[in-house]
Amino acid sequence: MLLLLALACTQPQDAAPEFSDAARYGLQHFDDPEEAALAAPILALEEEIDGTLDMSSEVSADRSLSLEALAEGDVSGIEHPDRDPALAVPPVALARNSAFPLESHVAVAIRDDLSPMEPNSPDLYARTITDGADCWAEHDCVFLRTVNDVNKTNFLMDMTYALNKDYRWVDLEDGRFALAARSWMPEPGFGDDGGTTIWQSFTFEIFVPRDDGSTLRMMALWSESEFSVQPSEDTVESVQLVGIDDIFKAHDKWLVENGG
């Protein structure tokens, strides 16, 4: 708790419009079939991260940006609750360098049990692949589509909900292939306390291979939540940033412990 309060005093900087536009474009155009369809926005995100954020810092706020809110057109093609997406605030993005190559993250994506590497879901994060199970990891098809049963527990909530998450290959047209991922809740999630609700949530994520064999990761999150005792927006923002960073770190820790 003290850590979160300290982090709340150090907020992410505002993203350049080009960064927010690229993240929203990725969310909206995720299903475009051409493998290079998301190349331009991913390269724009990579350039902004490299030029703006302190990627050597362990302070999550130093590697994060505040995004622009979503409009209905950004999510019009996604099954989602009947809510104004502009209410999914505060939107944030956080980046981190993973020491592991892209292939390691591909192997994680096709696991059916992600609970060992999801700090806020240690009891339940069960994945069912609905499309691409026999072709995506080998890059014989573009899309991997999954549905996930998730129990999320932290000091703000304890709830179980359904989460859809898809992955796709992206030809960056510079000799590299990257991954993009998009997640969303088709229905709201309701907490066990009867007073906590996640009304809507969307993420856009990238995995970009680097020349040294590492992988640049970035997740943009737009989420609308309601709590029995509503915390400040700064606290919610800090919890979101710490949560994303903890996921990135836990994935790498699991890869270390399991031979990459």
# chains A, B, ... in the order shown; residues from 1 in each chain; ligands from 1
call {"tool": "residues_around", "arguments": {"residues": "A:Ser56", "least_positions_apart": "6", "cutoff": "12 Å", "atoms": "only C-alpha atoms", "output": "list in words"}}
result
Ile49, Asp50, Asp62, Arg63, Ala95, Arg96, Asn97 and Ser98 of chain A
call {"tool": "write_last_selection", "arguments": {"atoms": "N, CA and C atoms", "output": "mmCIF file, in the first residue's frame"}}
result
data_model
loop_
_atom_site.group_PDB
_atom_site.id
_atom_site.type_symbol
_atom_site.label_atom_id
_atom_site.label_comp_id
_atom_site.auth_asym_id
_atom_site.auth_seq_id
_atom_site.Cartn_x
_atom_site.Cartn_y
_atom_site.Cartn_z
ATOM 1 N N ILE A 49 8.519 5.177 -27.779
ATOM 2 C CA ILE A 49 9.051 4.577 -26.553
ATOM 3 C C ILE A 49 10.550 4.815 -26.453
ATOM 4 N N ASP A 50 11.274 4.559 -27.534
ATOM 5 C CA ASP A 50 12.726 4.722 -27.517
ATOM 6 C C ASP A 50 13.130 6.175 -27.308
ATOM 7 N N ASP A 62 8.226 5.930 -14.999
ATOM 8 C CA ASP A 62 9.235 6.387 -15.952
ATOM 9 C C ASP A 62 9.106 5.700 -17.303
ATOM 10 N N ARG A 63 8.372 4.602 -17.345
ATOM 11 C CA ARG A 63 8.185 3.849 -18.590
ATOM 12 C C ARG A 63 6.724 3.851 -19.016
ATOM 13 N N ALA A 95 5.628 0.310 -20.922
ATOM 14 C CA ALA A 95 6.568 -0.483 -21.712
ATOM 15 C C ALA A 95 7.638 -1.083 -20.812
ATOM 16 N N ARG A 96 8.180 -2.203 -21.247
ATOM 17 C CA ARG A 96 9.291 -2.837 -20.534
ATOM 18 C C ARG A 96 10.062 -3.703 -21.520
ATOM 19 N N ASN A 97 11.392 -3.771 -21.350
ATOM 20 C CA ASN A 97 12.206 -4.649 -22.163
ATOM 21 C C ASN A 97 12.263 -6.030 -21.521
ATOM 22 N N SER A 98 11.912 -7.058 -22.285
ATOM 23 C CA SER A 98 12.068 -8.429 -21.833
ATOM 24 C C SER A 98 13.385 -8.974 -22.361
#
call {"tool": "residues_around", "arguments": {"residues": "A:Cys141", "least_positions_apart": "4", "cutoff": "9 Å", "atoms": "only C-alpha atoms", "output": "ChimeraX atom specification"}}
result
/A:132,134-137,168-169
call {"tool": "closest_residue", "arguments": {"among": "A:Val170, A:Val236, A:Leu67, A:Leu163", "to": "A:Pro188", "atoms": "only C-alpha atoms"}}
result
A:Leu163
call {"tool": "closest_residue", "arguments": {"among": "A:Glu237, A:Asp158, A:Glu257, A:Asp31", "to": "A:Ile78", "atoms": "only C-alpha atoms"}}
result
A:Asp31
call {"tool": "closest_residue", "arguments": {"among": "A:Leu241, A:Ala37, A:Ile247, A:Leu156", "to": "A:Ser228", "atoms": "only C-alpha atoms"}}
result
A:Leu156
call {"tool": "select_by_dssp", "arguments": {"residues": "stretch 38-241 of chain A", "states": "strand (DSSP E or B)", "output": "CSV table (one decimal) with N, CA and C atoms, in the first residue's frame"}}
result
chain,number,residue,atom,x,y,z
A,64,SER,N,6.0,4.9,-18.6
A,64,SER,CA,4.6,4.9,-18.9
A,64,SER,C,4.1,6.2,-19.4
A,65,LEU,N,2.9,6.2,-20.1
A,65,LEU,CA,2.3,7.3,-20.7
A,65,LEU,C,0.8,7.3,-20.4
A,66,SER,N,0.3,8.5,-20.2
A,66,SER,CA,-1.2,8.7,-20.2
A,66,SER,C,-1.7,8.8,-21.6
A,92,VAL,N,-3.9,4.2,-19.8
A,92,VAL,CA,-2.4,4.3,-19.6
A,92,VAL,C,-1.7,3.3,-20.5
A,93,ALA,N,-0.5,3.5,-20.7
A,93,ALA,CA,0.4,2.6,-21.5
A,93,ALA,C,1.7,2.4,-20.7
A,94,LEU,N,2.2,1.2,-20.7
A,94,LEU,CA,3.5,1.0,-20.0
A,94,LEU,C,4.3,0.0,-20.9
A,95,ALA,N,5.6,0.3,-20.9
A,95,ALA,CA,6.6,-0.5,-21.7
A,95,ALA,C,7.6,-1.1,-20.8
A,96,ARG,N,8.2,-2.2,-21.2
A,96,ARG,CA,9.3,-2.8,-20.5
A,96,ARG,C,10.1,-3.7,-21.5
A,97,ASN,N,11.4,-3.8,-21.3
A,97,ASN,CA,12.2,-4.6,-22.2
A,97,ASN,C,12.3,-6.0,-21.5
A,98,SER,N,11.9,-7.1,-22.3
A,98,SER,CA,12.1,-8.4,-21.8
A,98,SER,C,13.4,-9.0,-22.4
A,113,ASP,N,-2.7,-22.7,-19.1
A,113,ASP,CA,-2.7,-22.2,-17.7
A,113,ASP,C,-1.7,-21.1,-17.6
A,125,TYR,N,-6.3,-18.6,-14.2
A,125,TYR,CA,-6.2,-17.9,-15.5
A,125,TYR,C,-6.1,-19.0,-16.5
A,126,ALA,N,-7.3,-19.5,-16.9
A,126,ALA,CA,-7.3,-20.7,-17.8
A,126,ALA,C,-7.7,-20.3,-19.2
A,127,ARG,N,-6.8,-20.6,-20.1
A,127,ARG,CA,-7.0,-20.2,-21.5
A,127,ARG,C,-7.5,-21.4,-22.4
A,128,THR,N,-8.4,-21.1,-23.3
A,128,THR,CA,-8.9,-22.0,-24.3
A,128,THR,C,-8.7,-21.3,-25.7
A,129,ILE,N,-7.9,-22.0,-26.5
A,129,ILE,CA,-7.6,-21.5,-27.9
A,129,ILE,C,-8.8,-21.9,-28.7
A,130,THR,N,-9.4,-20.9,-29.4
A,130,THR,CA,-10.6,-21.1,-30.2
A,130,THR,C,-10.2,-21.1,-31.7
A,131,ASP,N,-9.1,-20.6,-32.1
A,131,ASP,CA,-8.6,-20.6,-33.5
A,131,ASP,C,-7.1,-20.4,-33.5
A,143,PHE,N,-3.5,-15.3,-37.1
A,143,PHE,CA,-4.2,-15.0,-35.8
A,143,PHE,C,-4.3,-16.2,-34.9
A,144,LEU,N,-4.2,-15.9,-33.6
A,144,LEU,CA,-4.5,-16.8,-32.5
A,144,LEU,C,-5.6,-16.2,-31.7
A,145,ARG,N,-6.7,-16.9,-31.5
A,145,ARG,CA,-7.8,-16.4,-30.8
A,145,ARG,C,-8.1,-17.3,-29.6
A,146,THR,N,-8.3,-16.6,-28.4
A,146,THR,CA,-8.5,-17.3,-27.2
A,146,THR,C,-9.6,-16.7,-26.3
A,147,VAL,N,-10.2,-17.5,-25.5
A,147,VAL,CA,-11.1,-17.1,-24.4
A,147,VAL,C,-10.4,-17.5,-23.1
A,148,ASN,N,-10.6,-16.7,-22.0
A,148,ASN,CA,-9.9,-16.9,-20.8
A,148,ASN,C,-10.9,-16.8,-19.6
A,149,ASP,N,-10.8,-17.7,-18.7
A,149,ASP,CA,-11.5,-17.6,-17.4
A,149,ASP,C,-10.5,-17.1,-16.4
A,150,VAL,N,-10.8,-15.9,-15.8
A,150,VAL,CA,-9.8,-15.2,-15.0
A,150,VAL,C,-10.4,-14.9,-13.6
A,151,ASN,N,-9.7,-15.1,-12.6
A,151,ASN,CA,-10.0,-14.6,-11.2
A,151,ASN,C,-8.9,-13.6,-10.9
A,152,LYS,N,-9.3,-12.3,-10.7
A,152,LYS,CA,-8.4,-11.2,-10.4
A,152,LYS,C,-8.6,-10.8,-9.0
A,153,THR,N,-7.4,-10.8,-8.3
A,153,THR,CA,-7.5,-10.4,-6.9
A,153,THR,C,-6.4,-9.4,-6.6
A,154,ASN,N,-6.7,-8.3,-6.0
A,154,ASN,CA,-5.8,-7.3,-5.4
A,154,ASN,C,-6.5,-6.6,-4.3
A,157,MET,N,-10.0,-5.5,-5.5
A,157,MET,CA,-11.1,-6.3,-6.0
A,157,MET,C,-10.8,-7.8,-5.9
A,158,ASP,N,-11.8,-8.6,-5.9
A,158,ASP,CA,-11.7,-10.1,-6.1
A,158,ASP,C,-12.9,-10.5,-6.9
A,159,MET,N,-12.6,-10.8,-8.2
A,159,MET,CA,-13.7,-11.2,-9.1
A,159,MET,C,-13.3,-12.2,-10.1
A,160,THR,N,-14.2,-12.9,-10.7
A,160,THR,CA,-14.0,-13.9,-11.8
A,160,THR,C,-14.8,-13.4,-13.0
A,161,TYR,N,-14.1,-13.4,-14.1
A,161,TYR,CA,-14.8,-12.9,-15.3
A,161,TYR,C,-14.2,-13.6,-16.6
A,162,ALA,N,-14.9,-13.4,-17.7
A,162,ALA,CA,-14.4,-13.9,-19.0
A,162,ALA,C,-13.6,-12.8,-19.7
A,163,LEU,N,-12.5,-13.2,-20.3
A,163,LEU,CA,-11.7,-12.2,-21.1
A,163,LEU,C,-11.3,-12.9,-22.4
A,164,ASN,N,-11.6,-12.2,-23.5
A,164,ASN,CA,-11.2,-12.6,-24.8
A,164,ASN,C,-9.8,-11.9,-25.1
A,165,LYS,N,-8.9,-12.7,-25.6
A,165,LYS,CA,-7.6,-12.2,-26.0
A,165,LYS,C,-7.1,-12.8,-27.3
A,166,ASP,N,-6.8,-12.0,-28.3
A,166,ASP,CA,-6.3,-12.5,-29.6
A,166,ASP,C,-4.9,-12.0,-29.8
A,167,TYR,N,-4.1,-12.8,-30.6
A,167,TYR,CA,-2.8,-12.4,-31.0
A,167,TYR,C,-2.7,-12.5,-32.5
A,168,ARG,N,-1.7,-11.7,-33.0
A,168,ARG,CA,-1.5,-11.8,-34.5
A,168,ARG,C,0.0,-11.5,-34.8
A,169,TRP,N,0.4,-12.0,-35.9
A,169,TRP,CA,1.7,-11.7,-36.4
A,169,TRP,C,1.6,-10.4,-37.2
A,170,VAL,N,2.7,-9.6,-37.2
A,170,VAL,CA,2.7,-8.3,-37.9
A,170,VAL,C,4.1,-8.3,-38.6
A,171,ASP,N,4.1,-8.1,-40.0
A,171,ASP,CA,5.3,-8.0,-40.8
A,171,ASP,C,5.6,-6.5,-40.7
A,177,PHE,N,9.5,-9.6,-37.8
A,177,PHE,CA,8.0,-9.8,-37.5
A,177,PHE,C,7.8,-9.6,-36.0
A,178,ALA,N,6.7,-8.9,-35.7
A,178,ALA,CA,6.3,-8.6,-34.3
A,178,ALA,C,5.0,-9.3,-34.0
A,179,LEU,N,4.6,-9.2,-32.8
A,179,LEU,CA,3.3,-9.7,-32.3
A,179,LEU,C,2.5,-8.5,-31.8
A,180,ALA,N,1.2,-8.5,-32.1
A,180,ALA,CA,0.3,-7.6,-31.5
A,180,ALA,C,-0.8,-8.5,-30.8
A,181,ALA,N,-1.3,-7.9,-29.7
A,181,ALA,CA,-2.4,-8.6,-29.0
A,181,ALA,C,-3.5,-7.6,-28.6
A,182,ARG,N,-4.7,-8.1,-28.6
A,182,ARG,CA,-5.8,-7.3,-28.2
A,182,ARG,C,-6.7,-8.1,-27.2
A,183,SER,N,-7.1,-7.5,-26.1
A,183,SER,CA,-8.0,-8.2,-25.2
A,183,SER,C,-9.2,-7.3,-24.9
A,184,TRP,N,-10.3,-7.9,-24.5
A,184,TRP,CA,-11.5,-7.2,-24.1
A,184,TRP,C,-12.4,-8.1,-23.3
A,189,GLY,N,-17.6,-7.5,-15.4
A,189,GLY,CA,-17.2,-8.4,-14.3
A,189,GLY,C,-17.7,-7.8,-13.0
A,190,PHE,N,-18.2,-8.7,-12.1
A,190,PHE,CA,-18.8,-8.2,-10.8
A,190,PHE,C,-18.0,-8.9,-9.7
A,191,GLY,N,-17.6,-8.1,-8.7
A,191,GLY,CA,-16.8,-8.6,-7.6
A,191,GLY,C,-17.6,-9.3,-6.6
A,197,THR,N,-17.1,-3.5,-9.7
A,197,THR,CA,-17.5,-3.8,-11.0
A,197,THR,C,-16.4,-3.3,-12.0
A,198,ILE,N,-16.0,-4.2,-12.9
A,198,ILE,CA,-15.3,-3.7,-14.1
A,198,ILE,C,-16.3,-3.7,-15.2
A,199,TRP,N,-16.6,-2.5,-15.6
A,199,TRP,CA,-17.7,-2.3,-16.6
A,199,TRP,C,-17.2,-2.6,-18.0
A,200,GLN,N,-16.0,-2.2,-18.2
A,200,GLN,CA,-15.4,-2.5,-19.6
A,200,GLN,C,-13.9,-2.4,-19.5
A,201,SER,N,-13.2,-3.1,-20.4
A,201,SER,CA,-11.8,-3.1,-20.4
A,201,SER,C,-11.3,-3.5,-21.8
A,202,PHE,N,-10.3,-2.8,-22.3
A,202,PHE,CA,-9.7,-3.1,-23.6
A,202,PHE,C,-8.2,-2.9,-23.4
A,203,THR,N,-7.4,-3.8,-24.0
A,203,THR,CA,-6.0,-3.6,-24.1
A,203,THR,C,-5.5,-3.8,-25.5
A,204,PHE,N,-4.4,-3.1,-25.9
A,204,PHE,CA,-3.6,-3.3,-27.1
A,204,PHE,C,-2.2,-3.5,-26.7
A,205,GLU,N,-1.6,-4.6,-27.1
A,205,GLU,CA,-0.2,-4.9,-26.7
A,205,GLU,C,0.7,-5.2,-27.8
A,206,ILE,N,1.9,-4.9,-27.7
A,206,ILE,CA,2.9,-5.2,-28.8
A,206,ILE,C,4.1,-6.0,-28.2
A,207,PHE,N,4.7,-6.8,-29.0
A,207,PHE,CA,5.9,-7.6,-28.7
A,207,PHE,C,6.8,-7.3,-29.9
A,208,VAL,N,7.9,-6.6,-29.7
A,208,VAL,CA,8.7,-6.2,-30.9
A,208,VAL,C,10.1,-6.7,-30.6
A,209,PRO,N,10.7,-7.6,-31.6
A,209,PRO,CA,12.0,-8.1,-31.4
A,209,PRO,C,13.1,-7.1,-31.6
A,215,THR,N,13.1,-8.5,-26.3
A,215,THR,CA,11.8,-8.1,-26.9
A,215,THR,C,11.2,-6.9,-26.2
A,216,LEU,N,10.8,-5.9,-26.9
A,216,LEU,CA,10.2,-4.7,-26.4
A,216,LEU,C,8.7,-5.1,-26.2
A,217,ARG,N,8.2,-4.9,-24.9
A,217,ARG,CA,6.8,-5.1,-24.7
A,217,ARG,C,6.1,-3.8,-24.3
A,218,MET,N,4.9,-3.6,-24.7
A,218,MET,CA,4.1,-2.5,-24.4
A,218,MET,C,2.6,-2.9,-24.3
A,219,MET,N,2.0,-2.4,-23.2
A,219,MET,CA,0.5,-2.7,-23.1
A,219,MET,C,-0.2,-1.3,-22.9
A,220,ALA,N,-1.2,-1.1,-23.7
A,220,ALA,CA,-2.1,0.1,-23.5
A,220,ALA,C,-3.4,-0.4,-22.9
A,221,LEU,N,-3.9,0.2,-21.9
A,221,LEU,CA,-5.1,-0.2,-21.2
A,221,LEU,C,-6.1,0.9,-21.0
A,222,TRP,N,-7.3,0.5,-21.4
A,222,TRP,CA,-8.5,1.4,-21.2
A,222,TRP,C,-9.5,0.6,-20.3
A,223,SER,N,-9.8,1.0,-19.1
A,223,SER,CA,-10.7,0.3,-18.3
A,223,SER,C,-11.5,1.2,-17.4
A,224,GLU,N,-12.8,0.8,-17.3
A,224,GLU,CA,-13.7,1.5,-16.4
A,224,GLU,C,-14.1,0.6,-15.3
A,225,SER,N,-13.8,1.0,-14.0
A,225,SER,CA,-14.1,0.2,-12.8
A,225,SER,C,-14.9,1.1,-11.8
A,226,GLU,N,-15.6,0.4,-11.0
A,226,GLU,CA,-16.4,1.0,-9.9
A,226,GLU,C,-16.2,0.2,-8.6
call {"tool": "decode", "arguments": {"residues": "stretch 157-179 of chain A", "atoms": "N, CA, C and O atoms", "output": "CSV table (one decimal), in the first residue's frame"}}
result
chain,number,residue,atom,x,y,z
A,157,MET,N,-10.0,-5.5,-5.5
A,157,MET,CA,-11.1,-6.3,-6.0
A,157,MET,C,-10.8,-7.8,-5.9
A,157,MET,O,-9.6,-8.2,-5.7
A,158,ASP,N,-11.8,-8.6,-5.9
A,158,ASP,CA,-11.7,-10.1,-6.1
A,158,ASP,C,-12.9,-10.5,-6.9
A,158,ASP,O,-14.0,-10.5,-6.5
A,159,MET,N,-12.6,-10.8,-8.2
A,159,MET,CA,-13.7,-11.2,-9.1
A,159,MET,C,-13.3,-12.2,-10.1
A,159,MET,O,-12.1,-12.3,-10.4
A,160,THR,N,-14.2,-12.9,-10.7
A,160,THR,CA,-14.0,-13.9,-11.8
A,160,THR,C,-14.8,-13.4,-13.0
A,160,THR,O,-15.9,-13.0,-12.9
A,161,TYR,N,-14.1,-13.4,-14.1
A,161,TYR,CA,-14.8,-12.9,-15.3
A,161,TYR,C,-14.2,-13.6,-16.6
A,161,TYR,O,-13.2,-14.3,-16.5
A,162,ALA,N,-14.9,-13.4,-17.7
A,162,ALA,CA,-14.4,-13.9,-19.0
A,162,ALA,C,-13.6,-12.8,-19.7
A,162,ALA,O,-14.1,-11.6,-19.8
A,163,LEU,N,-12.5,-13.2,-20.3
A,163,LEU,CA,-11.7,-12.2,-21.1
A,163,LEU,C,-11.3,-12.9,-22.4
A,163,LEU,O,-10.8,-14.0,-22.5
A,164,ASN,N,-11.6,-12.2,-23.5
A,164,ASN,CA,-11.2,-12.6,-24.8
A,164,ASN,C,-9.8,-11.9,-25.1
A,164,ASN,O,-9.6,-10.7,-24.8
A,165,LYS,N,-8.9,-12.7,-25.6
A,165,LYS,CA,-7.6,-12.2,-26.0
A,165,LYS,C,-7.1,-12.8,-27.3
A,165,LYS,O,-7.0,-14.1,-27.4
A,166,ASP,N,-6.8,-12.0,-28.3
A,166,ASP,CA,-6.3,-12.5,-29.6
A,166,ASP,C,-4.9,-12.0,-29.8
A,166,ASP,O,-4.5,-10.9,-29.3
A,167,TYR,N,-4.1,-12.8,-30.6
A,167,TYR,CA,-2.8,-12.4,-31.0
A,167,TYR,C,-2.7,-12.5,-32.5
A,167,TYR,O,-3.4,-13.2,-33.1
A,168,ARG,N,-1.7,-11.7,-33.0
A,168,ARG,CA,-1.5,-11.8,-34.5
A,168,ARG,C,0.0,-11.5,-34.8
A,168,ARG,O,0.6,-10.7,-34.1
A,169,TRP,N,0.4,-12.0,-35.9
A,169,TRP,CA,1.7,-11.7,-36.4
A,169,TRP,C,1.6,-10.4,-37.2
A,169,TRP,O,0.6,-10.1,-37.9
A,170,VAL,N,2.7,-9.6,-37.2
A,170,VAL,CA,2.7,-8.3,-37.9
A,170,VAL,C,4.1,-8.3,-38.6
A,170,VAL,O,5.2,-8.3,-38.0
A,171,ASP,N,4.1,-8.1,-40.0
A,171,ASP,CA,5.3,-8.0,-40.8
A,171,ASP,C,5.6,-6.5,-40.7
A,171,ASP,O,4.9,-5.6,-41.3
A,172,LEU,N,6.7,-6.2,-40.0
A,172,LEU,CA,7.1,-4.8,-39.9
A,172,LEU,C,7.8,-4.2,-41.2
A,172,LEU,O,8.1,-3.0,-41.2
A,173,GLU,N,8.0,-5.1,-42.1
A,173,GLU,CA,8.6,-4.7,-43.4
A,173,GLU,C,10.0,-4.1,-43.3
A,173,GLU,O,10.4,-3.4,-44.2
A,174,ASP,N,10.7,-4.4,-42.2
A,174,ASP,CA,12.1,-4.0,-42.1
A,174,ASP,C,12.9,-5.2,-41.7
A,174,ASP,O,14.0,-5.1,-41.2
A,175,GLY,N,12.4,-6.4,-42.1
A,175,GLY,CA,13.1,-7.7,-41.8
A,175,GLY,C,12.6,-8.3,-40.5
A,175,GLY,O,13.1,-9.4,-40.2
A,176,ARG,N,11.8,-7.6,-39.7
A,176,ARG,CA,11.3,-8.2,-38.4
A,176,ARG,C,9.8,-8.5,-38.5
A,176,ARG,O,9.1,-7.9,-39.2
A,177,PHE,N,9.5,-9.6,-37.8
A,177,PHE,CA,8.0,-9.8,-37.5
A,177,PHE,C,7.8,-9.6,-36.0
A,177,PHE,O,8.6,-10.0,-35.1
A,178,ALA,N,6.7,-8.9,-35.7
A,178,ALA,CA,6.3,-8.6,-34.3
A,178,ALA,C,5.0,-9.3,-34.0
A,178,ALA,O,4.4,-9.9,-34.9
A,179,LEU,N,4.6,-9.2,-32.8
A,179,LEU,CA,3.3,-9.7,-32.3
A,179,LEU,C,2.5,-8.5,-31.8
A,179,LEU,O,3.1,-7.6,-31.2
